[in-house]
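Enquirer: I am attaching a structure below and will ask some questions about it afterwards.
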Amino acid sequence: MGIVSDKIKDLKEREKKVLAMGGEAAIAKRHEQGKLTARERLDLLFDKGTFREIDMFVTHRCTNFGMENVDIPADGVVTGHGLVNGRPLFAYSQDFTSRAGSMGEMQAKKICKVMDLAMKAGVPFLGINDSGGARIQEGIDSLSGYGEIFFRNSAASGVIPQISAIMGPTAGGAVYSPAMTDWVFMVKNTSYMFITGPEVIKSVTGEVINFEDLGGAMTHNEKSGVAQFACENDQDAIEQIKKLLSYLPLNNMEDPPYIPPKDDPKRVDPKLDELIPENPNQSYDVFEVIRSVVDDGELFEPHMYYAKNIVICFARLNGRVIGIIANQPNFLAGCLDINASDKATRFIRFCDAFNIPLLTIADVPGYLPGSDQEWSGIIRHGAKLLWCYSEATVPKLLLVTRKDYGGSYLAMCSKHLGADMVFAWPTSEIAVMGAAGAANVIHRKEISNSDNPEEKRAEKIEEYNELFSNPYCAASRGYVDSVIVPSETRPRLIDALEILSTKREMRPAKKHGNIPV
């Protein structure tokens, strides 16, 4: 019995040493910086008492540069599994207090192990990144570790949801794994991502820039689009991650979690009947439409700072999770451009991969004109929308509220790209182009030869409006299934989603398509 007690005592002492991480001084410094430690983050994330650590006693094997005398608790990363709001999750959290959380051979093996377990179990995976980068003393073994993680990110894509939380420095090769995951959360003022740091940039190009402007949370949320969420602090990031998980299935073989609705599925909203301005050049906020039709007016919006001319968000209709893509007339008149196309495309493909039905709300005058857009590849980027809507096999609903013109009409989940049900408000204008432009093209000679060109132009614009700037021409061809009273939008969408909940659709067998990236 004495031997067993000694063994247990030894175990507890070893655990205590690892749980101390980089020591009291290092932990205190983290708290002074407004950051939580790796273990505190996991404690906040997982339901109390459910987190089970794996590989606590893993140590590095490096003997270069005196590393054989350096102890790195848990090799700088905490890995394991637990429950978040009662649902399983695998995760790792890099420990900056332990040799700056640097990536070495054994840290990578720990991360790869929980990634493999997440794939086997069909459970989402979260990586909390906070690291000084590659452990240079380990040389190529450190780079090998990154590569093994990247390979697993690719293999897991579309099989299990993958989430990255950037809660400190992430630089060089470390940035690619988050970029390969589905969702990236960053913390304002305490996290950053970049390939090359400010000092290298200055030495090579002469440009002077600080860490925050180069790769901070708002930079990647507003400008690059690398991150989808900018959080106020570590606690806020953890809460937002929990909320995101509440909308996601565990894997691609499951449906997203259903929550019995409290909101009346037959609820109507008379305010929608007055929402569209009489002046076609006047804007409105598409969030008024979204909040009116979804359960309890609740939504969860990624990419709120990026490409504001299009909105993407998760919500529920009668308890069922949906992904919403909507033009935003309040910003660039809701035009499609390169960034909006990229933003929507990735969201649509994620929803399709994880069995989340799509609702598209269209009010789009066209693609954003200009040489910058053309030279930067709007054709290639815009084609992604056509591609991904055509590729998606989940239930696809389209609601047209106002303008829906030309190529952008096609790109916003038109019937021709496989929309299952298309609804249009009486205020909608579904046409090749706006009436003014169409009249100028069709009746150019007649207008120019008229004694009163302006009067003739107005006459022809009105004529085109009556013929085409409405939903009824499209409805007469079956391209619109129903023209509906705006206030009745919620019950009509719910009825459509319910009847399509058993939808099954196949695509030709192939290895994969060649999306115009």
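As shown in the structure tokens, the chain order sets the letters A, B, ...; within each chain, residues go from 1, and ligands are also counted from 1 in the order they appear.
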Can you list, as a ChimeraX atom specification, every protein, DNA or RNA residue that comes within 8 Å of stretch 133-139 of chain A when you count only C-alpha atoms, leaving out same-chain residues fewer than 6 positions away?
Expert: /A:62,64-65,67,101-105,170-174
Enquirer: Env of stretch 108-113 of chain A: 12 Å cut, atoms = only C-alpha atoms, seq-sep filter 6 positions within chain, self excluded. Answer as number ranges by chain.
Expert: A: 53-60, 74-81, 90-94, 101-102, 119-120, 125-129, 133-135, 138, 141-153, 155-156, 174, 177
Enquirer: Okay, now the selection with N, CA and C atoms, as a short mmCIF file (atom, residue, chain, number, x, y, z; two decimals), in the first residue's frame?
Expert:
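Writing done, so here's out-v3.cif:
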data_model
loop_
_atom_site.label_atom_id
_atom_site.label_comp_id
_atom_site.auth_asym_id
_atom_site.auth_seq_id
_atom_site.Cartn_x
_atom_site.Cartn_y
_atom_site.Cartn_z
N GLU A 53 -7.48 16.46 -20.13
CA GLU A 53 -6.23 16.75 -20.81
C GLU A 53 -5.58 15.48 -21.32
N ILE A 54 -4.96 15.60 -22.48
CA ILE A 54 -4.22 14.51 -23.10
C ILE A 54 -2.75 14.94 -23.24
N ASP A 55 -1.84 14.01 -23.03
CA ASP A 55 -0.40 14.28 -23.27
C ASP A 55 0.17 15.36 -22.35
N MET A 56 -0.25 15.36 -21.10
CA MET A 56 0.26 16.35 -20.15
C MET A 56 1.77 16.23 -19.96
N PHE A 57 2.30 15.00 -20.03
CA PHE A 57 3.71 14.78 -19.69
C PHE A 57 4.62 14.69 -20.91
N VAL A 58 4.12 15.06 -22.06
CA VAL A 58 4.97 15.06 -23.26
C VAL A 58 6.06 16.12 -23.11
N THR A 59 7.29 15.75 -23.47
CA THR A 59 8.42 16.68 -23.41
C THR A 59 9.17 16.68 -24.73
N HIS A 60 9.89 17.75 -24.97
CA HIS A 60 10.66 17.83 -26.22
C HIS A 60 11.88 16.91 -26.16
N ALA A 74 4.46 20.60 -20.57
CA ALA A 74 3.50 20.18 -21.60
C ALA A 74 3.96 20.54 -23.01
N ASP A 75 5.25 20.84 -23.14
CA ASP A 75 5.87 21.30 -24.38
C ASP A 75 5.15 22.51 -24.98
N GLY A 76 4.61 23.34 -24.10
CA GLY A 76 4.08 24.63 -24.55
C GLY A 76 2.68 24.59 -25.13
N VAL A 77 1.95 23.49 -24.97
CA VAL A 77 0.58 23.44 -25.47
C VAL A 77 -0.26 22.49 -24.61
N VAL A 78 -1.49 22.89 -24.33
CA VAL A 78 -2.43 22.05 -23.58
C VAL A 78 -3.44 21.48 -24.57
N THR A 79 -3.59 20.17 -24.58
CA THR A 79 -4.50 19.53 -25.53
C THR A 79 -5.49 18.64 -24.79
N GLY A 80 -6.66 18.46 -25.39
CA GLY A 80 -7.64 17.57 -24.76
C GLY A 80 -9.02 17.73 -25.35
N HIS A 81 -10.01 17.26 -24.60
CA HIS A 81 -11.40 17.29 -25.07
C HIS A 81 -12.32 17.55 -23.89
N PHE A 90 -12.90 18.95 -29.33
CA PHE A 90 -11.47 18.76 -29.10
C PHE A 90 -10.79 20.13 -29.26
N ALA A 91 -9.73 20.35 -28.49
CA ALA A 91 -9.09 21.66 -28.55
C ALA A 91 -7.62 21.59 -28.13
N TYR A 92 -6.87 22.58 -28.58
CA TYR A 92 -5.54 22.81 -28.02
C TYR A 92 -5.42 24.29 -27.68
N SER A 93 -4.55 24.59 -26.73
CA SER A 93 -4.32 25.98 -26.32
C SER A 93 -2.84 26.16 -26.07
N GLN A 94 -2.19 26.98 -26.89
CA GLN A 94 -0.76 27.21 -26.74
C GLN A 94 -0.47 28.06 -25.51
N GLY A 101 5.36 29.40 -25.97
CA GLY A 101 4.46 28.52 -26.73
C GLY A 101 5.02 28.11 -28.08
N SER A 102 6.34 28.14 -28.22
CA SER A 102 6.97 27.89 -29.52
C SER A 102 6.68 26.48 -30.02
N MET A 119 -11.24 13.95 -35.88
CA MET A 119 -11.72 13.38 -37.14
C MET A 119 -12.35 12.01 -36.93
N LYS A 120 -11.70 11.17 -36.13
CA LYS A 120 -12.24 9.83 -35.88
C LYS A 120 -13.60 9.90 -35.18
N PHE A 125 -13.23 20.99 -33.90
CA PHE A 125 -11.87 21.17 -33.39
C PHE A 125 -11.57 22.66 -33.26
N LEU A 126 -10.98 23.04 -32.13
CA LEU A 126 -10.61 24.43 -31.88
C LEU A 126 -9.14 24.54 -31.55
N GLY A 127 -8.46 25.47 -32.20
CA GLY A 127 -7.07 25.77 -31.86
C GLY A 127 -6.96 27.17 -31.31
N ILE A 128 -6.39 27.31 -30.10
CA ILE A 128 -6.16 28.62 -29.51
C ILE A 128 -4.68 28.95 -29.70
N ASN A 129 -4.40 29.91 -30.56
CA ASN A 129 -3.04 30.22 -30.98
C ASN A 129 -2.46 31.38 -30.19
N GLY A 133 6.15 31.38 -32.37
CA GLY A 133 6.47 30.83 -33.69
C GLY A 133 7.26 29.54 -33.59
N ALA A 134 8.00 29.25 -34.62
CA ALA A 134 8.77 28.01 -34.68
C ALA A 134 9.87 28.02 -33.62
N ARG A 135 10.09 26.85 -33.01
CA ARG A 135 11.19 26.69 -32.06
C ARG A 135 12.46 26.49 -32.88
N GLU A 138 15.00 23.61 -32.83
CA GLU A 138 14.65 22.28 -33.35
C GLU A 138 14.71 22.21 -34.87
N ASP A 141 12.62 20.03 -37.76
CA ASP A 141 11.55 19.31 -37.06
C ASP A 141 10.38 20.23 -36.74
N SER A 142 10.68 21.49 -36.46
CA SER A 142 9.62 22.45 -36.20
C SER A 142 8.80 22.70 -37.46
N LEU A 143 9.48 22.89 -38.60
CA LEU A 143 8.77 23.09 -39.86
C LEU A 143 7.95 21.87 -40.23
N SER A 144 8.51 20.70 -39.98
CA SER A 144 7.77 19.46 -40.23
C SER A 144 6.47 19.43 -39.46
N GLY A 145 6.52 19.90 -38.21
CA GLY A 145 5.32 19.93 -37.38
C GLY A 145 4.23 20.80 -37.98
N TYR A 146 4.61 21.98 -38.46
CA TYR A 146 3.62 22.85 -39.12
C TYR A 146 2.99 22.14 -40.32
N GLY A 147 3.82 21.52 -41.12
CA GLY A 147 3.32 20.83 -42.32
C GLY A 147 2.33 19.72 -41.99
N GLU A 148 2.62 18.96 -40.93
CA GLU A 148 1.70 17.89 -40.51
C GLU A 148 0.35 18.46 -40.10
N ILE A 149 0.36 19.62 -39.46
CA ILE A 149 -0.89 20.26 -39.06
C ILE A 149 -1.65 20.76 -40.28
N PHE A 150 -0.94 21.39 -41.22
CA PHE A 150 -1.60 21.89 -42.44
C PHE A 150 -2.30 20.75 -43.18
N PHE A 151 -1.60 19.62 -43.29
CA PHE A 151 -2.17 18.48 -44.00
C PHE A 151 -3.49 18.05 -43.36
N ARG A 152 -3.51 18.04 -42.04
CA ARG A 152 -4.73 17.64 -41.33
C ARG A 152 -5.83 18.68 -41.45
N ASN A 153 -5.47 19.97 -41.48
CA ASN A 153 -6.47 21.01 -41.73
C ASN A 153 -7.19 20.76 -43.06
N ALA A 155 -7.42 17.86 -44.73
CA ALA A 155 -8.19 16.62 -44.69
C ALA A 155 -9.49 16.79 -43.92
N ALA A 156 -9.47 17.61 -42.87
CA ALA A 156 -10.65 17.79 -42.02
C ALA A 156 -11.65 18.78 -42.61
N ALA A 174 3.05 29.88 -38.75
CA ALA A 174 1.94 29.64 -37.82
C ALA A 174 0.63 30.21 -38.31
N SER A 177 -2.19 27.63 -40.66
CA SER A 177 -3.20 26.71 -40.12
C SER A 177 -4.50 27.45 -39.81
#
Enquirer: Write out as JSON, numbers by chain the residues lying within 7 Å of stretch 479-486 of chain A, counting only C-alpha atoms and excluding same-chain residues fewer than 5 positions away.
Expert: {"A": [272, 273, 415, 421, 422, 423, 424, 425, 426, 474]}
Enquirer: Rank A:His303, A:Lys243, A:Arg99, A:Lys510 by their smallest atom-to-atom distance to A:Val226, using only C-alpha atoms, and report the top residue only.
Expert: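 Of all the options, A:His303 lies closest to A:Val226.
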Enquirer: Could you go through stretch 314-400 of chain A and tell me which residues DSSP, when run on the backbone, assigns to strand (DSSP E), listing them as an MDAnalysis selection string?
Expert: chainID A and resid 314:317 320:327 358:364 396:400
Enquirer: Can you write out the residues you just picked, keeping C-alpha atoms, as a CSV table (one decimal), in the first residue's frame?
Expert:
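Printed below is part_22.csv as written:
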chain,number,residue,atom,x,y,z
A,314,PHE,CA,-26.5,32.4,-39.0
A,315,ALA,CA,-30.0,32.5,-37.7
A,316,ARG,CA,-33.0,30.2,-37.1
A,317,LEU,CA,-36.3,29.7,-38.9
A,320,ARG,CA,-33.9,25.2,-37.8
A,321,VAL,CA,-30.4,26.8,-38.4
A,322,ILE,CA,-30.1,28.7,-41.7
A,323,GLY,CA,-27.3,30.6,-43.3
A,324,ILE,CA,-28.3,34.0,-44.7
A,325,ILE,CA,-26.6,35.9,-47.6
A,326,ALA,CA,-28.0,39.4,-48.2
A,327,ASN,CA,-27.1,42.4,-50.2
A,358,LEU,CA,-29.4,28.9,-47.4
A,359,LEU,CA,-31.6,31.9,-47.5
A,360,THR,CA,-30.5,34.6,-50.0
A,361,ILE,CA,-32.0,38.1,-49.9
A,362,ALA,CA,-31.4,40.0,-53.1
A,363,ASP,CA,-31.4,43.7,-53.7
A,364,VAL,CA,-28.5,44.2,-56.1
A,396,LYS,CA,-31.8,27.1,-51.2
A,397,LEU,CA,-34.4,29.9,-50.8
A,398,LEU,CA,-34.3,33.2,-52.5
A,399,LEU,CA,-36.1,36.4,-51.5
A,400,VAL,CA,-36.0,39.3,-53.9
Enquirer: DSSP on the backbone: what in stretch 116-361 of chain A comes out alpha helix (DSSP H), as number ranges by chain?
Expert: A: 116-121, 140-156, 176-180, 198-205, 211-215, 217-219, 234-245, 286-293, 338-353
Enquirer: Work out how far atom CA of A:Leu417 is from atom CA of A:Lys503, in Å to one decimal.
Expert: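 Computing the Euclidean distance for atom CA of A:Lys503 and atom CA of A:Leu417 yields 16.1 Å.
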Enquirer: Counting only C-alpha atoms, which of A:Ile430, A:Val294, A:Ile348, A:Ile209 gets nearest to A:Cys388?
Expert: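 For A:Cys388, the nearest of the given residues is A:Ile348.
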Enquirer: Between A:Ser131, A:Cys231, A:Ile238, A:Asn189, which is the closest to A:Gly216 once you count only C-alpha atoms?
Expert: A:Asn189
Enquirer: I'd like the interatomic distance between atom CA of A:Asp234 and atom CA of A:Ala307, to a tenth of an Å.
Expert: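 Atom-to-atom, atom CA of A:Asp234 to atom CA of A:Ala307, that is 25.2 Å.
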